[in-house]
Amino acid sequence: MKFKLLLAFSFWMLLMAVSCNKDDISFDQPSQELRFSRDTVFCDTVYHQVRSETYAVKVFNNEDKDIIIPRINLEKGAASLYKINVDGKPGYDFKDVPLRKKDSLYIFVEIAPQATGPEAIAEDRVIFTSPAGQQHVTLFSVVQDAEFFIQTPTNPNVISNHTVWKNDKAKIIYGNLTVDENISLDIEEGTKVYFHKNSGMKVSAGAFLNINGTLDKEVVLRGDRNDPYYDTIPKNWNSIKMEAGSNLNMNHARLFGGTKGLEMKQTNAIINNSFIHTFQEYGIYAVNSTVNAKNLVMNNCGESCIGIFRGGSHSYTHSTIANYSKIMSSYNRNGIFATNEWKNESGQTEQGALQQLNLLNSIVYSDRDNGINFEQTPGQLFNFFFQNSLIKYSNTSEAGFQFDNNPSSIVQCYKNEDPQFVNYFTAKLNLRVNQNSFARGKGSTAIAGTVPTDIVNVSRTTNPTLGAYQ
């Protein structure tokens with residue numbers, strides 16, 4: 001009996017101790033400023049009525065005591081375009097928020113704005129008020145008005161009339177957008193085209209895709225996630241698929257961040273002054289197509305920047321074709337891959353002649369042994385001609401041809417001389433060459449005369465530098 005009484009008394013004392021400890025917790029007013037994981041939340045570009053991803057700010061209590069923050073609020077209150085969640089509770093004005101000593105709490109931030117014009121700035125502040133003073137975290141975003149193209153079971157998402165896309169609204173594509181046969185889609189300077197995950201565009205037989213950017217107002221085609229993290233990773237969308245007999249005219253465009261860039265089959269393409277980079281497989285995937293490119297810059301493609309299948313006819317003048325990548329280091333990462341063969345959708349192998357592959361006053365370079373890989377099918381025509389170009393190349397059988405054994409096809413070219421790019425990493429992509437680069441002054445003036453200005457409109461008629469930049 002005494003044991004039972006003792007056990008009950010001990011249990012009661014334990015409960016009292018726990019209860020007293022809980023009740024004894026006291027939260028004081030802060031005597032020091034709070035510390036934040038960031039002082040600005042840049043929610044990046046968002047679109048009309050499209051909710052952004054969620055961003056986190058961590059708030060730290062550096063004091064050796066438990067504190068209570070008298071007030072945390074959005075400066076613009078209920079009228080703010082932003083939504084915040086403080087330590088698990090949504091709202092815009094919070095009172096007496098507790099924070100244990102040496103602990104932290106999370107504030108989550110989103111924006112889902114209403115656009116009032118083509119492009120505007122959305123700004124607000126999260127205010128922290130305490131006896132230690134008023135502090136804030138700035139919220140900032142660019143808001144664009146947008147036009148949506150959404151494929152559904154009842155909407156095949158087809159452009160069936162000649163159409164001009166103006167730059168007053170961003171174009172956001174969900175699913176596949178199809179340009180119908182013999183129809184033209186003209187994209188004006190400065191227009192931004194965004195593809196949702198697993199989305200793409202198809203240009204049908206006889207149709208024209210005309211991308212008409214300018215030096216100061218390039219056309220951008222990319223995934224619809226605008227956080228800077230997504231600028232440097234591939235596979236955010238699918239591709240622009242050009243069907244047999246389709247036509248592409250592209251000038252001053254930037255295309256990046258998908259699985260394949262331009263996926264062409266028996267397509268006629270003219271590409272000038274453009275950037276194609278950061279694709280999981282190929283930047284240009286061309287099956288028996290005709291491509292004429294000048295002032296083209298490419299980089300960071302898993303299999304190859306340019307993939308040439310079942311022959312065709314290609315010409316690249318004053319182009320910089322680099323392939324450096326950390327995140328796709330296990331891939332082949334060629335600059336140019338060319339073969340007479342191609343496996344169709346049924347898995348059957350088709351063959352075709354490579355009528356011509358010209359590489360003129362250009363650079364093909366990477367951190368691989370070979371920037372170029374050829375697979376020539378016996379009995380199939382395979383013509384190539386390189387002049388005044390700098391090439392990363394190792395005389396091994398894996399490249400498919402011997403650099404030094406083709407005197408009529410490789411004229412005044414240079415191998416394995418580092419072009420010394422300013423910065424070839426995608427986050428700070430700058431494929432200009434340094435002042436002391438081997439590529440300076442090595443171009444043919446006759447070839448440069450056919451492309452007298454570089455990709456940023458600098459004259460190159462004297463002492464032309466190899467690649468897209470003078």
# chains A, B, ... in the order shown; residues from 1 in each chain; ligands from 1

$ residues_around --residues "Ile270 of chain A" --least-positions-apart "2" --cutoff "9 Å" --atoms "only C-alpha atoms" --output "PyMOL selection string"
chain A and resi 247-251+268+272+290-294

$ write_last_selection --atoms "C-alpha atoms" --output "PDB file, in the first residue's frame"
ATOM      1  CA  ASN A 247      10.354  26.472 -92.863  1.00  0.00           C
ATOM      2  CA  LEU A 248      12.197  28.402 -90.174  1.00  0.00           C
ATOM      3  CA  ASN A 249      13.571  31.946 -90.306  1.00  0.00           C
ATOM      4  CA  MET A 250      15.170  32.942 -87.014  1.00  0.00           C
ATOM      5  CA  ASN A 251      17.009  36.170 -86.255  1.00  0.00           C
ATOM      6  CA  ASN A 268      14.594  24.558 -94.505  1.00  0.00           C
ATOM      7  CA  ASN A 272      21.137  34.380 -87.797  1.00  0.00           C
ATOM      8  CA  THR A 290      18.930  22.282 -94.928  1.00  0.00           C
ATOM      9  CA  VAL A 291      20.375  24.697 -92.380  1.00  0.00           C
ATOM     10  CA  ASN A 292      22.195  27.946 -93.106  1.00  0.00           C
ATOM     11  CA  ALA A 293      23.452  29.657 -89.941  1.00  0.00           C
ATOM     12  CA  LYS A 294      25.513  32.803 -89.370  1.00  0.00           C
TER      13      LYS A 294
END

$ closest_atom_pairs --of "segment 363-392 of chain A" --to "segment 418-439 of chain A" --cutoff "8 Å" --atoms "only C-alpha atoms" --output "tab-separated table"
residue	atom	partner	partner_atom	distance
A:Ile363	CA	A:Pro419	CA	8.0
A:Tyr365	CA	A:Pro419	CA	8.0
A:Leu390	CA	A:Ala439	CA	7.2

$ write_last_selection --atoms "C-alpha atoms" --output "PDB file, in the first residue's frame"
ATOM      1  CA  ILE A 363      34.958  27.665 -83.478  1.00  0.00           C
ATOM      2  CA  TYR A 365      35.366  23.531 -78.931  1.00  0.00           C
ATOM      3  CA  LEU A 390      39.387  26.371 -84.727  1.00  0.00           C
TER       4      LEU A 390
END

$ atom_distance --atom1 "atom CA of Glu189 of chain A" --atom2 "atom CA of Asn295 of chain A"
17.8 Å

$ residues_around --residues "segment 256-266 of chain A" --least-positions-apart "4" --cutoff "6 Å" --atoms "only C-alpha atoms" --output "list in words"
Arg222, Pro234, Lys235, Asn236, Trp237, Asn238, Ser239, Ile240, Lys241, Met242, Glu243, Ala244, Gly245, Ile276, His277, Thr278, Phe279, Gln280, Glu281, Tyr282, Gly283, Ile284, Tyr285, Ala286, Val287, Asn288 and Ser289 of chain A

$ write_last_selection --atoms "C-alpha atoms" --output "PDB file, in the first residue's frame"
ATOM      1  CA  ARG A 222      12.296  29.034 -72.886  1.00  0.00           C
ATOM      2  CA  PRO A 234      17.740  21.584 -69.304  1.00  0.00           C
ATOM      3  CA  LYS A 235      14.542  19.589 -69.790  1.00  0.00           C
ATOM      4  CA  ASN A 236      12.121  22.269 -68.585  1.00  0.00           C
ATOM      5  CA  TRP A 237      10.108  21.802 -71.812  1.00  0.00           C
ATOM      6  CA  ASN A 238      10.220  19.628 -74.933  1.00  0.00           C
ATOM      7  CA  SER A 239      11.154  21.150 -78.303  1.00  0.00           C
ATOM      8  CA  ILE A 240      10.084  23.096 -81.376  1.00  0.00           C
ATOM      9  CA  LYS A 241       9.320  20.295 -83.798  1.00  0.00           C
ATOM     10  CA  MET A 242       9.557  21.260 -87.453  1.00  0.00           C
ATOM     11  CA  GLU A 243       7.717  18.758 -89.659  1.00  0.00           C
ATOM     12  CA  ALA A 244       8.753  17.697 -93.185  1.00  0.00           C
ATOM     13  CA  GLY A 245       8.485  20.639 -95.590  1.00  0.00           C
ATOM     14  CA  ILE A 276      20.826  28.064 -78.576  1.00  0.00           C
ATOM     15  CA  HIS A 277      21.980  26.489 -75.329  1.00  0.00           C
ATOM     16  CA  THR A 278      21.241  24.172 -72.406  1.00  0.00           C
ATOM     17  CA  PHE A 279      19.332  21.254 -73.904  1.00  0.00           C
ATOM     18  CA  GLN A 280      19.264  17.725 -72.532  1.00  0.00           C
ATOM     19  CA  GLU A 281      19.910  16.131 -75.943  1.00  0.00           C
ATOM     20  CA  TYR A 282      20.494  18.431 -78.936  1.00  0.00           C
ATOM     21  CA  GLY A 283      20.316  22.159 -79.594  1.00  0.00           C
ATOM     22  CA  ILE A 284      19.740  21.515 -83.305  1.00  0.00           C
ATOM     23  CA  TYR A 285      18.470  18.049 -84.245  1.00  0.00           C
ATOM     24  CA  ALA A 286      18.247  17.952 -88.027  1.00  0.00           C
ATOM     25  CA  VAL A 287      17.070  15.003 -90.136  1.00  0.00           C
ATOM     26  CA  ASN A 288      17.768  15.404 -93.862  1.00  0.00           C
ATOM     27  CA  SER A 289      17.373  19.152 -93.475  1.00  0.00           C
TER      28      SER A 289
END

$ residues_around --residues "Lys171 of chain A" --least-positions-apart "4" --cutoff "12 Å" --atoms "only C-alpha atoms" --output "mmCIF file with all heavy atoms, in the first residue's frame"
data_model
loop_
_atom_site.group_PDB
_atom_site.id
_atom_site.type_symbol
_atom_site.label_atom_id
_atom_site.label_comp_id
_atom_site.auth_asym_id
_atom_site.auth_seq_id
_atom_site.Cartn_x
_atom_site.Cartn_y
_atom_site.Cartn_z
ATOM 1 N N TYR A 47 3.569 35.826 -64.154
ATOM 2 C CA TYR A 47 2.619 36.177 -65.197
ATOM 3 C C TYR A 47 1.233 36.399 -64.607
ATOM 4 O O TYR A 47 0.909 35.940 -63.510
ATOM 5 C CB TYR A 47 2.572 35.069 -66.251
ATOM 6 C CG TYR A 47 3.940 34.589 -66.613
ATOM 7 C CD1 TYR A 47 4.387 33.337 -66.223
ATOM 8 C CD2 TYR A 47 4.821 35.428 -67.304
ATOM 9 C CE1 TYR A 47 5.669 32.918 -66.526
ATOM 10 C CE2 TYR A 47 6.097 35.014 -67.605
ATOM 11 C CZ TYR A 47 6.513 33.759 -67.211
ATOM 12 O OH TYR A 47 7.783 33.348 -67.493
ATOM 13 N N HIS A 48 0.434 37.108 -65.357
ATOM 14 C CA HIS A 48 -0.915 37.457 -64.955
ATOM 15 C C HIS A 48 -1.664 36.246 -64.402
ATOM 16 O O HIS A 48 -1.869 35.256 -65.092
ATOM 17 C CB HIS A 48 -1.645 38.030 -66.179
ATOM 18 C CG HIS A 48 -3.071 38.395 -65.928
ATOM 19 N ND1 HIS A 48 -3.435 39.433 -65.113
ATOM 20 C CD2 HIS A 48 -4.228 37.833 -66.382
ATOM 21 C CE1 HIS A 48 -4.764 39.525 -65.094
ATOM 22 N NE2 HIS A 48 -5.252 38.572 -65.847
ATOM 23 N N PRO A 118 1.776 45.619 -70.007
ATOM 24 C CA PRO A 118 2.681 44.598 -70.555
ATOM 25 C C PRO A 118 3.709 44.120 -69.544
ATOM 26 O O PRO A 118 4.013 42.940 -69.465
ATOM 27 C CB PRO A 118 3.351 45.316 -71.726
ATOM 28 C CG PRO A 118 2.405 46.408 -72.103
ATOM 29 C CD PRO A 118 1.757 46.840 -70.819
ATOM 30 N N GLN A 144 4.357 40.268 -65.721
ATOM 31 C CA GLN A 144 4.051 40.413 -67.150
ATOM 32 C C GLN A 144 2.608 40.010 -67.415
ATOM 33 O O GLN A 144 2.106 39.042 -66.828
ATOM 34 C CB GLN A 144 4.961 39.514 -67.986
ATOM 35 C CG GLN A 144 6.398 39.973 -68.069
ATOM 36 C CD GLN A 144 7.197 39.128 -69.052
ATOM 37 O OE1 GLN A 144 6.636 38.418 -69.868
ATOM 38 N NE2 GLN A 144 8.504 39.204 -68.951
ATOM 39 N N ASP A 145 2.000 40.753 -68.313
ATOM 40 C CA ASP A 145 0.718 40.306 -68.832
ATOM 41 C C ASP A 145 0.988 39.133 -69.769
ATOM 42 O O ASP A 145 2.063 39.036 -70.368
ATOM 43 C CB ASP A 145 0.023 41.446 -69.578
ATOM 44 C CG ASP A 145 -1.468 41.196 -69.734
ATOM 45 O OD1 ASP A 145 -1.953 40.148 -69.272
ATOM 46 O OD2 ASP A 145 -2.154 42.053 -70.314
ATOM 47 N N ALA A 146 0.050 38.230 -69.886
ATOM 48 C CA ALA A 146 0.312 37.002 -70.637
ATOM 49 C C ALA A 146 -0.908 36.556 -71.415
ATOM 50 O O ALA A 146 -2.054 36.813 -71.042
ATOM 51 C CB ALA A 146 0.765 35.890 -69.687
ATOM 52 N N GLU A 147 -0.615 35.870 -72.498
ATOM 53 C CA GLU A 147 -1.641 35.213 -73.307
ATOM 54 C C GLU A 147 -1.360 33.720 -73.261
ATOM 55 O O GLU A 147 -0.225 33.288 -73.452
ATOM 56 C CB GLU A 147 -1.567 35.738 -74.747
ATOM 57 C CG GLU A 147 -2.628 35.198 -75.672
ATOM 58 C CD GLU A 147 -2.546 35.807 -77.063
ATOM 59 O OE1 GLU A 147 -1.580 36.568 -77.332
ATOM 60 O OE2 GLU A 147 -3.430 35.520 -77.886
ATOM 61 N N PHE A 148 -2.394 32.928 -72.999
ATOM 62 C CA PHE A 148 -2.205 31.506 -72.766
ATOM 63 C C PHE A 148 -2.691 30.678 -73.950
ATOM 64 O O PHE A 148 -3.736 30.972 -74.543
ATOM 65 C CB PHE A 148 -2.939 31.079 -71.492
ATOM 66 C CG PHE A 148 -2.376 31.704 -70.251
ATOM 67 C CD1 PHE A 148 -2.823 32.951 -69.818
ATOM 68 C CD2 PHE A 148 -1.400 31.067 -69.516
ATOM 69 C CE1 PHE A 148 -2.306 33.544 -68.680
ATOM 70 C CE2 PHE A 148 -0.874 31.646 -68.365
ATOM 71 C CZ PHE A 148 -1.327 32.882 -67.955
ATOM 72 N N PHE A 149 -1.916 29.626 -74.249
ATOM 73 C CA PHE A 149 -2.276 28.669 -75.291
ATOM 74 C C PHE A 149 -2.270 27.292 -74.632
ATOM 75 O O PHE A 149 -1.210 26.719 -74.386
ATOM 76 C CB PHE A 149 -1.298 28.739 -76.454
ATOM 77 C CG PHE A 149 -1.254 30.092 -77.125
ATOM 78 C CD1 PHE A 149 -0.453 31.109 -76.617
ATOM 79 C CD2 PHE A 149 -2.032 30.351 -78.242
ATOM 80 C CE1 PHE A 149 -0.422 32.355 -77.214
ATOM 81 C CE2 PHE A 149 -2.008 31.598 -78.855
ATOM 82 C CZ PHE A 149 -1.203 32.606 -78.338
ATOM 83 N N ILE A 150 -3.478 26.770 -74.355
ATOM 84 C CA ILE A 150 -3.602 25.583 -73.506
ATOM 85 C C ILE A 150 -4.247 24.449 -74.291
ATOM 86 O O ILE A 150 -5.378 24.575 -74.780
ATOM 87 C CB ILE A 150 -4.432 25.906 -72.249
ATOM 88 C CG1 ILE A 150 -3.782 27.067 -71.474
ATOM 89 C CG2 ILE A 150 -4.564 24.679 -71.358
ATOM 90 C CD1 ILE A 150 -4.603 27.580 -70.317
ATOM 91 N N VAL A 164 0.315 36.877 -86.080
ATOM 92 C CA VAL A 164 1.456 37.671 -85.621
ATOM 93 C C VAL A 164 1.398 37.755 -84.103
ATOM 94 O O VAL A 164 0.377 38.172 -83.541
ATOM 95 C CB VAL A 164 1.447 39.084 -86.230
ATOM 96 C CG1 VAL A 164 2.616 39.903 -85.676
ATOM 97 C CG2 VAL A 164 1.515 39.022 -87.760
ATOM 98 N N TRP A 165 2.476 37.342 -83.456
ATOM 99 C CA TRP A 165 2.591 37.501 -82.007
ATOM 100 C C TRP A 165 3.338 38.785 -81.708
ATOM 101 O O TRP A 165 4.502 38.953 -82.087
ATOM 102 C CB TRP A 165 3.338 36.322 -81.395
ATOM 103 C CG TRP A 165 2.463 35.112 -81.182
ATOM 104 C CD1 TRP A 165 1.129 35.009 -81.422
ATOM 105 C CD2 TRP A 165 2.891 33.838 -80.678
ATOM 106 N NE1 TRP A 165 0.690 33.748 -81.104
ATOM 107 C CE2 TRP A 165 1.745 33.011 -80.640
ATOM 108 C CE3 TRP A 165 4.113 33.331 -80.256
ATOM 109 C CZ2 TRP A 165 1.806 31.689 -80.201
ATOM 110 C CZ3 TRP A 165 4.171 32.022 -79.815
ATOM 111 C CH2 TRP A 165 3.025 31.204 -79.780
ATOM 112 N N LYS A 166 2.666 39.706 -81.010
ATOM 113 C CA LYS A 166 3.286 40.974 -80.634
ATOM 114 C C LYS A 166 3.900 40.858 -79.242
ATOM 115 O O LYS A 166 3.594 39.930 -78.481
ATOM 116 C CB LYS A 166 2.256 42.105 -80.691
ATOM 117 C CG LYS A 166 1.691 42.340 -82.086
ATOM 118 C CD LYS A 166 0.694 43.482 -82.087
ATOM 119 C CE LYS A 166 0.148 43.733 -83.484
ATOM 120 N NZ LYS A 166 1.217 44.180 -84.411
ATOM 121 N N ASN A 167 4.738 41.811 -78.901
ATOM 122 C CA ASN A 167 5.465 41.737 -77.638
ATOM 123 C C ASN A 167 4.729 42.379 -76.460
ATOM 124 O O ASN A 167 5.307 42.580 -75.397
ATOM 125 C CB ASN A 167 6.865 42.359 -77.779
ATOM 126 C CG ASN A 167 6.810 43.822 -78.182
ATOM 127 O OD1 ASN A 167 5.807 44.498 -77.976
ATOM 128 N ND2 ASN A 167 7.891 44.319 -78.772
ATOM 129 N N LEU A 177 1.429 23.241 -78.901
ATOM 130 C CA LEU A 177 0.818 24.237 -79.780
ATOM 131 C C LEU A 177 1.225 23.886 -81.203
ATOM 132 O O LEU A 177 2.414 23.716 -81.493
ATOM 133 C CB LEU A 177 1.296 25.637 -79.424
ATOM 134 C CG LEU A 177 0.838 26.747 -80.374
ATOM 135 C CD1 LEU A 177 -0.665 26.980 -80.248
ATOM 136 C CD2 LEU A 177 1.589 28.044 -80.108
ATOM 137 N N ILE A 187 6.717 35.978 -85.097
ATOM 138 C CA ILE A 187 6.942 36.405 -83.721
ATOM 139 C C ILE A 187 7.754 37.696 -83.757
ATOM 140 O O ILE A 187 8.890 37.711 -84.223
ATOM 141 C CB ILE A 187 7.668 35.319 -82.913
ATOM 142 C CG1 ILE A 187 6.878 34.000 -82.973
ATOM 143 C CG2 ILE A 187 7.846 35.767 -81.467
ATOM 144 C CD1 ILE A 187 7.538 32.859 -82.225
ATOM 145 N N GLU A 188 7.159 38.780 -83.256
ATOM 146 C CA GLU A 188 7.792 40.096 -83.345
ATOM 147 C C GLU A 188 8.926 40.258 -82.340
ATOM 148 O O GLU A 188 9.033 39.533 -81.346
ATOM 149 C CB GLU A 188 6.746 41.196 -83.124
ATOM 150 C CG GLU A 188 5.817 41.415 -84.297
ATOM 151 C CD GLU A 188 5.020 42.700 -84.147
ATOM 152 O OE1 GLU A 188 5.018 43.288 -83.055
ATOM 153 O OE2 GLU A 188 4.395 43.118 -85.145
ATOM 154 N N GLY A 190 11.264 41.269 -79.359
ATOM 155 C CA GLY A 190 11.003 41.462 -77.942
ATOM 156 C C GLY A 190 9.959 40.549 -77.331
ATOM 157 O O GLY A 190 9.676 40.637 -76.130
ATOM 158 N N THR A 191 9.390 39.667 -78.108
ATOM 159 C CA THR A 191 8.357 38.762 -77.591
ATOM 160 C C THR A 191 8.999 37.651 -76.760
ATOM 161 O O THR A 191 10.072 37.147 -77.091
ATOM 162 C CB THR A 191 7.552 38.146 -78.749
ATOM 163 O OG1 THR A 191 6.988 39.196 -79.527
ATOM 164 C CG2 THR A 191 6.439 37.251 -78.231
ATOM 165 N N LYS A 192 8.326 37.291 -75.677
ATOM 166 C CA LYS A 192 8.808 36.198 -74.826
ATOM 167 C C LYS A 192 7.817 35.047 -74.894
ATOM 168 O O LYS A 192 6.620 35.226 -74.641
ATOM 169 C CB LYS A 192 8.981 36.690 -73.391
ATOM 170 C CG LYS A 192 10.056 37.766 -73.273
ATOM 171 C CD LYS A 192 10.161 38.340 -71.884
ATOM 172 C CE LYS A 192 11.217 39.445 -71.833
ATOM 173 N NZ LYS A 192 11.317 40.076 -70.495
ATOM 174 N N VAL A 193 8.345 33.870 -75.230
ATOM 175 C CA VAL A 193 7.520 32.672 -75.381
ATOM 176 C C VAL A 193 7.966 31.668 -74.322
ATOM 177 O O VAL A 193 9.135 31.299 -74.264
ATOM 178 C CB VAL A 193 7.666 32.066 -76.793
ATOM 179 C CG1 VAL A 193 6.754 30.852 -76.949
ATOM 180 C CG2 VAL A 193 7.356 33.110 -77.865
ATOM 181 N N TYR A 194 7.013 31.238 -73.482
ATOM 182 C CA TYR A 194 7.334 30.345 -72.379
ATOM 183 C C TYR A 194 6.577 29.024 -72.540
ATOM 184 O O TYR A 194 5.377 29.017 -72.828
ATOM 185 C CB TYR A 194 6.952 30.984 -71.045
ATOM 186 C CG TYR A 194 7.671 32.279 -70.770
ATOM 187 C CD1 TYR A 194 7.046 33.502 -70.985
ATOM 188 C CD2 TYR A 194 8.972 32.285 -70.292
ATOM 189 C CE1 TYR A 194 7.700 34.702 -70.723
ATOM 190 C CE2 TYR A 194 9.633 33.471 -70.030
ATOM 191 C CZ TYR A 194 8.995 34.676 -70.242
ATOM 192 O OH TYR A 194 9.652 35.851 -69.985
ATOM 193 N N PHE A 195 7.289 27.933 -72.326
ATOM 194 C CA PHE A 195 6.698 26.598 -72.421
ATOM 195 C C PHE A 195 6.614 25.976 -71.033
ATOM 196 O O PHE A 195 7.611 25.934 -70.304
ATOM 197 C CB PHE A 195 7.553 25.702 -73.317
ATOM 198 C CG PHE A 195 7.636 26.158 -74.753
ATOM 199 C CD1 PHE A 195 8.645 27.028 -75.163
ATOM 200 C CD2 PHE A 195 6.720 25.725 -75.697
ATOM 201 C CE1 PHE A 195 8.737 27.447 -76.479
ATOM 202 C CE2 PHE A 195 6.801 26.142 -77.018
ATOM 203 C CZ PHE A 195 7.817 27.009 -77.411
ATOM 204 N N HIS A 196 5.437 25.476 -70.688
ATOM 205 C CA HIS A 196 5.271 24.764 -69.436
ATOM 206 C C HIS A 196 5.971 23.401 -69.533
ATOM 207 O O HIS A 196 6.330 22.947 -70.622
ATOM 208 C CB HIS A 196 3.785 24.588 -69.129
ATOM 209 C CG HIS A 196 3.488 24.171 -67.733
ATOM 210 N ND1 HIS A 196 3.837 24.927 -66.640
ATOM 211 C CD2 HIS A 196 2.887 23.050 -67.240
ATOM 212 C CE1 HIS A 196 3.466 24.302 -65.540
ATOM 213 N NE2 HIS A 196 2.900 23.166 -65.876
ATOM 214 N N VAL A 219 14.030 37.809 -79.324
ATOM 215 C CA VAL A 219 12.906 36.942 -78.977
ATOM 216 C C VAL A 219 13.437 35.832 -78.080
ATOM 217 O O VAL A 219 14.464 35.228 -78.386
ATOM 218 C CB VAL A 219 12.249 36.353 -80.244
ATOM 219 C CG1 VAL A 219 11.185 35.324 -79.871
ATOM 220 C CG2 VAL A 219 11.632 37.465 -81.094
ATOM 221 N N VAL A 220 12.760 35.581 -76.977
ATOM 222 C CA VAL A 220 13.179 34.559 -76.025
ATOM 223 C C VAL A 220 12.179 33.415 -76.038
ATOM 224 O O VAL A 220 10.965 33.626 -75.932
ATOM 225 C CB VAL A 220 13.291 35.141 -74.596
ATOM 226 C CG1 VAL A 220 13.630 34.041 -73.596
ATOM 227 C CG2 VAL A 220 14.345 36.239 -74.557
ATOM 228 N N LEU A 221 12.697 32.191 -76.178
ATOM 229 C CA LEU A 221 11.864 30.988 -76.123
ATOM 230 C C LEU A 221 12.495 30.058 -75.088
ATOM 231 O O LEU A 221 13.644 29.633 -75.244
ATOM 232 C CB LEU A 221 11.782 30.300 -77.485
ATOM 233 C CG LEU A 221 11.274 31.189 -78.640
ATOM 234 C CD1 LEU A 221 12.440 31.655 -79.506
ATOM 235 C CD2 LEU A 221 10.265 30.443 -79.500
ATOM 236 N N ARG A 222 11.724 29.738 -74.019
ATOM 237 C CA ARG A 222 12.296 29.034 -72.886
ATOM 238 C C ARG A 222 11.185 28.384 -72.052
ATOM 239 O O ARG A 222 10.010 28.516 -72.365
ATOM 240 C CB ARG A 222 13.064 30.018 -72.001
ATOM 241 C CG ARG A 222 12.236 31.194 -71.531
ATOM 242 C CD ARG A 222 12.880 31.918 -70.376
ATOM 243 N NE ARG A 222 13.014 31.046 -69.219
ATOM 244 C CZ ARG A 222 13.787 31.307 -68.175
ATOM 245 N NH1 ARG A 222 14.498 32.410 -68.140
ATOM 246 N NH2 ARG A 222 13.850 30.474 -67.159
ATOM 247 N N GLY A 223 11.564 27.711 -70.965
ATOM 248 C CA GLY A 223 10.587 27.184 -70.030
ATOM 249 C C GLY A 223 9.936 28.301 -69.240
ATOM 250 O O GLY A 223 10.441 29.430 -69.183
ATOM 251 N N ASP A 224 8.809 27.995 -68.598
ATOM 252 C CA ASP A 224 8.036 29.047 -67.926
ATOM 253 C C ASP A 224 8.433 29.254 -66.475
ATOM 254 O O ASP A 224 7.800 30.049 -65.776
ATOM 255 C CB ASP A 224 6.532 28.760 -68.020
ATOM 256 C CG ASP A 224 6.106 27.512 -67.252
ATOM 257 O OD1 ASP A 224 6.977 26.747 -66.803
ATOM 258 O OD2 ASP A 224 4.882 27.302 -67.106
#

$ residues_around --residues "Pro113 of chain A" --least-positions-apart "4" --cutoff "9 Å" --atoms "only C-alpha atoms" --output "PDB file with N, CA and C atoms, in the first residue's frame"
ATOM      1  N   VAL A  46       6.839  36.839 -63.015  1.00  0.00           N
ATOM      2  CA  VAL A  46       5.608  36.064 -62.905  1.00  0.00           C
ATOM      3  C   VAL A  46       4.611  36.616 -63.903  1.00  0.00           C
ATOM      4  N   TYR A  47       3.569  35.826 -64.154  1.00  0.00           N
ATOM      5  CA  TYR A  47       2.619  36.177 -65.197  1.00  0.00           C
ATOM      6  C   TYR A  47       1.233  36.399 -64.607  1.00  0.00           C
ATOM      7  N   HIS A  48       0.434  37.108 -65.357  1.00  0.00           N
ATOM      8  CA  HIS A  48      -0.915  37.457 -64.955  1.00  0.00           C
ATOM      9  C   HIS A  48      -1.664  36.246 -64.402  1.00  0.00           C
ATOM     10  N   GLN A  49      -2.066  36.324 -63.126  1.00  0.00           N
ATOM     11  CA  GLN A  49      -2.876  35.314 -62.448  1.00  0.00           C
ATOM     12  C   GLN A  49      -2.188  33.956 -62.332  1.00  0.00           C
ATOM     13  N   VAL A  50      -0.896  33.894 -62.521  1.00  0.00           N
ATOM     14  CA  VAL A  50      -0.171  32.632 -62.358  1.00  0.00           C
ATOM     15  C   VAL A  50       0.636  32.713 -61.073  1.00  0.00           C
ATOM     16  N   ARG A  51       0.362  31.812 -60.153  1.00  0.00           N
ATOM     17  CA  ARG A  51       1.036  31.836 -58.855  1.00  0.00           C
ATOM     18  C   ARG A  51       2.501  31.458 -59.011  1.00  0.00           C
ATOM     19  N   LEU A  81      -0.047  42.344 -53.388  1.00  0.00           N
ATOM     20  CA  LEU A  81      -0.072  41.257 -54.373  1.00  0.00           C
ATOM     21  C   LEU A  81       0.569  39.992 -53.822  1.00  0.00           C
ATOM     22  N   TYR A  82       1.269  40.125 -52.707  1.00  0.00           N
ATOM     23  CA  TYR A  82       1.987  38.997 -52.124  1.00  0.00           C
ATOM     24  C   TYR A  82       1.154  38.304 -51.054  1.00  0.00           C
ATOM     25  N   ALA A 122       6.265  44.632 -59.174  1.00  0.00           N
ATOM     26  CA  ALA A 122       5.477  44.408 -57.959  1.00  0.00           C
ATOM     27  C   ALA A 122       6.439  44.418 -56.773  1.00  0.00           C
ATOM     28  N   VAL A 143       6.213  41.643 -63.148  1.00  0.00           N
ATOM     29  CA  VAL A 143       4.922  41.057 -63.514  1.00  0.00           C
ATOM     30  C   VAL A 143       4.665  41.320 -64.997  1.00  0.00           C
TER      31      VAL A 143
END

$ closest_residue --among "A:Tyr393, A:Asn198, A:Phe36, A:Phe275" --to "Ala468 of chain A" --atoms "only C-alpha atoms"
A:Phe275

$ select_by_dssp --residues "segment 227-387 of chain A" --states "strand (DSSP E or B)" --output "PyMOL selection string"
chain A and resi 240-242+247-251+253-256+260-265+268-279+282-301+304-317+320-323+334-339+341-343+349-351+354-360+363-366+372-375+382-387

$ residues_around --residues "Pro131 of chain A" --least-positions-apart "3" --cutoff "12 Å" --atoms "only C-alpha atoms" --output "number ranges by chain"
A: 28-34, 67-71, 128, 134-135

$ write_last_selection --atoms "C-alpha atoms" --output "short mmCIF file (atom, residue, chain, number, x, y, z; two decimals), in the first residue's frame"
data_model
loop_
_atom_site.label_atom_id
_atom_site.label_comp_id
_atom_site.auth_asym_id
_atom_site.auth_seq_id
_atom_site.Cartn_x
_atom_site.Cartn_y
_atom_site.Cartn_z
CA ASP A 28 10.50 38.88 -23.52
CA GLN A 29 10.55 41.81 -25.89
CA PRO A 30 13.56 41.67 -28.27
CA SER A 31 16.53 43.75 -27.17
CA GLN A 32 18.50 43.07 -30.37
CA GLU A 33 17.67 43.16 -34.05
CA LEU A 34 16.54 39.97 -35.74
CA ILE A 67 11.39 36.58 -27.39
CA ILE A 68 8.03 37.61 -28.74
CA ILE A 69 7.98 39.70 -31.90
CA PRO A 70 5.19 42.28 -31.41
CA ARG A 71 4.25 42.54 -35.08
CA PHE A 128 9.15 43.47 -38.33
CA GLN A 134 11.79 48.36 -37.27
CA GLN A 135 13.32 45.98 -39.81
#
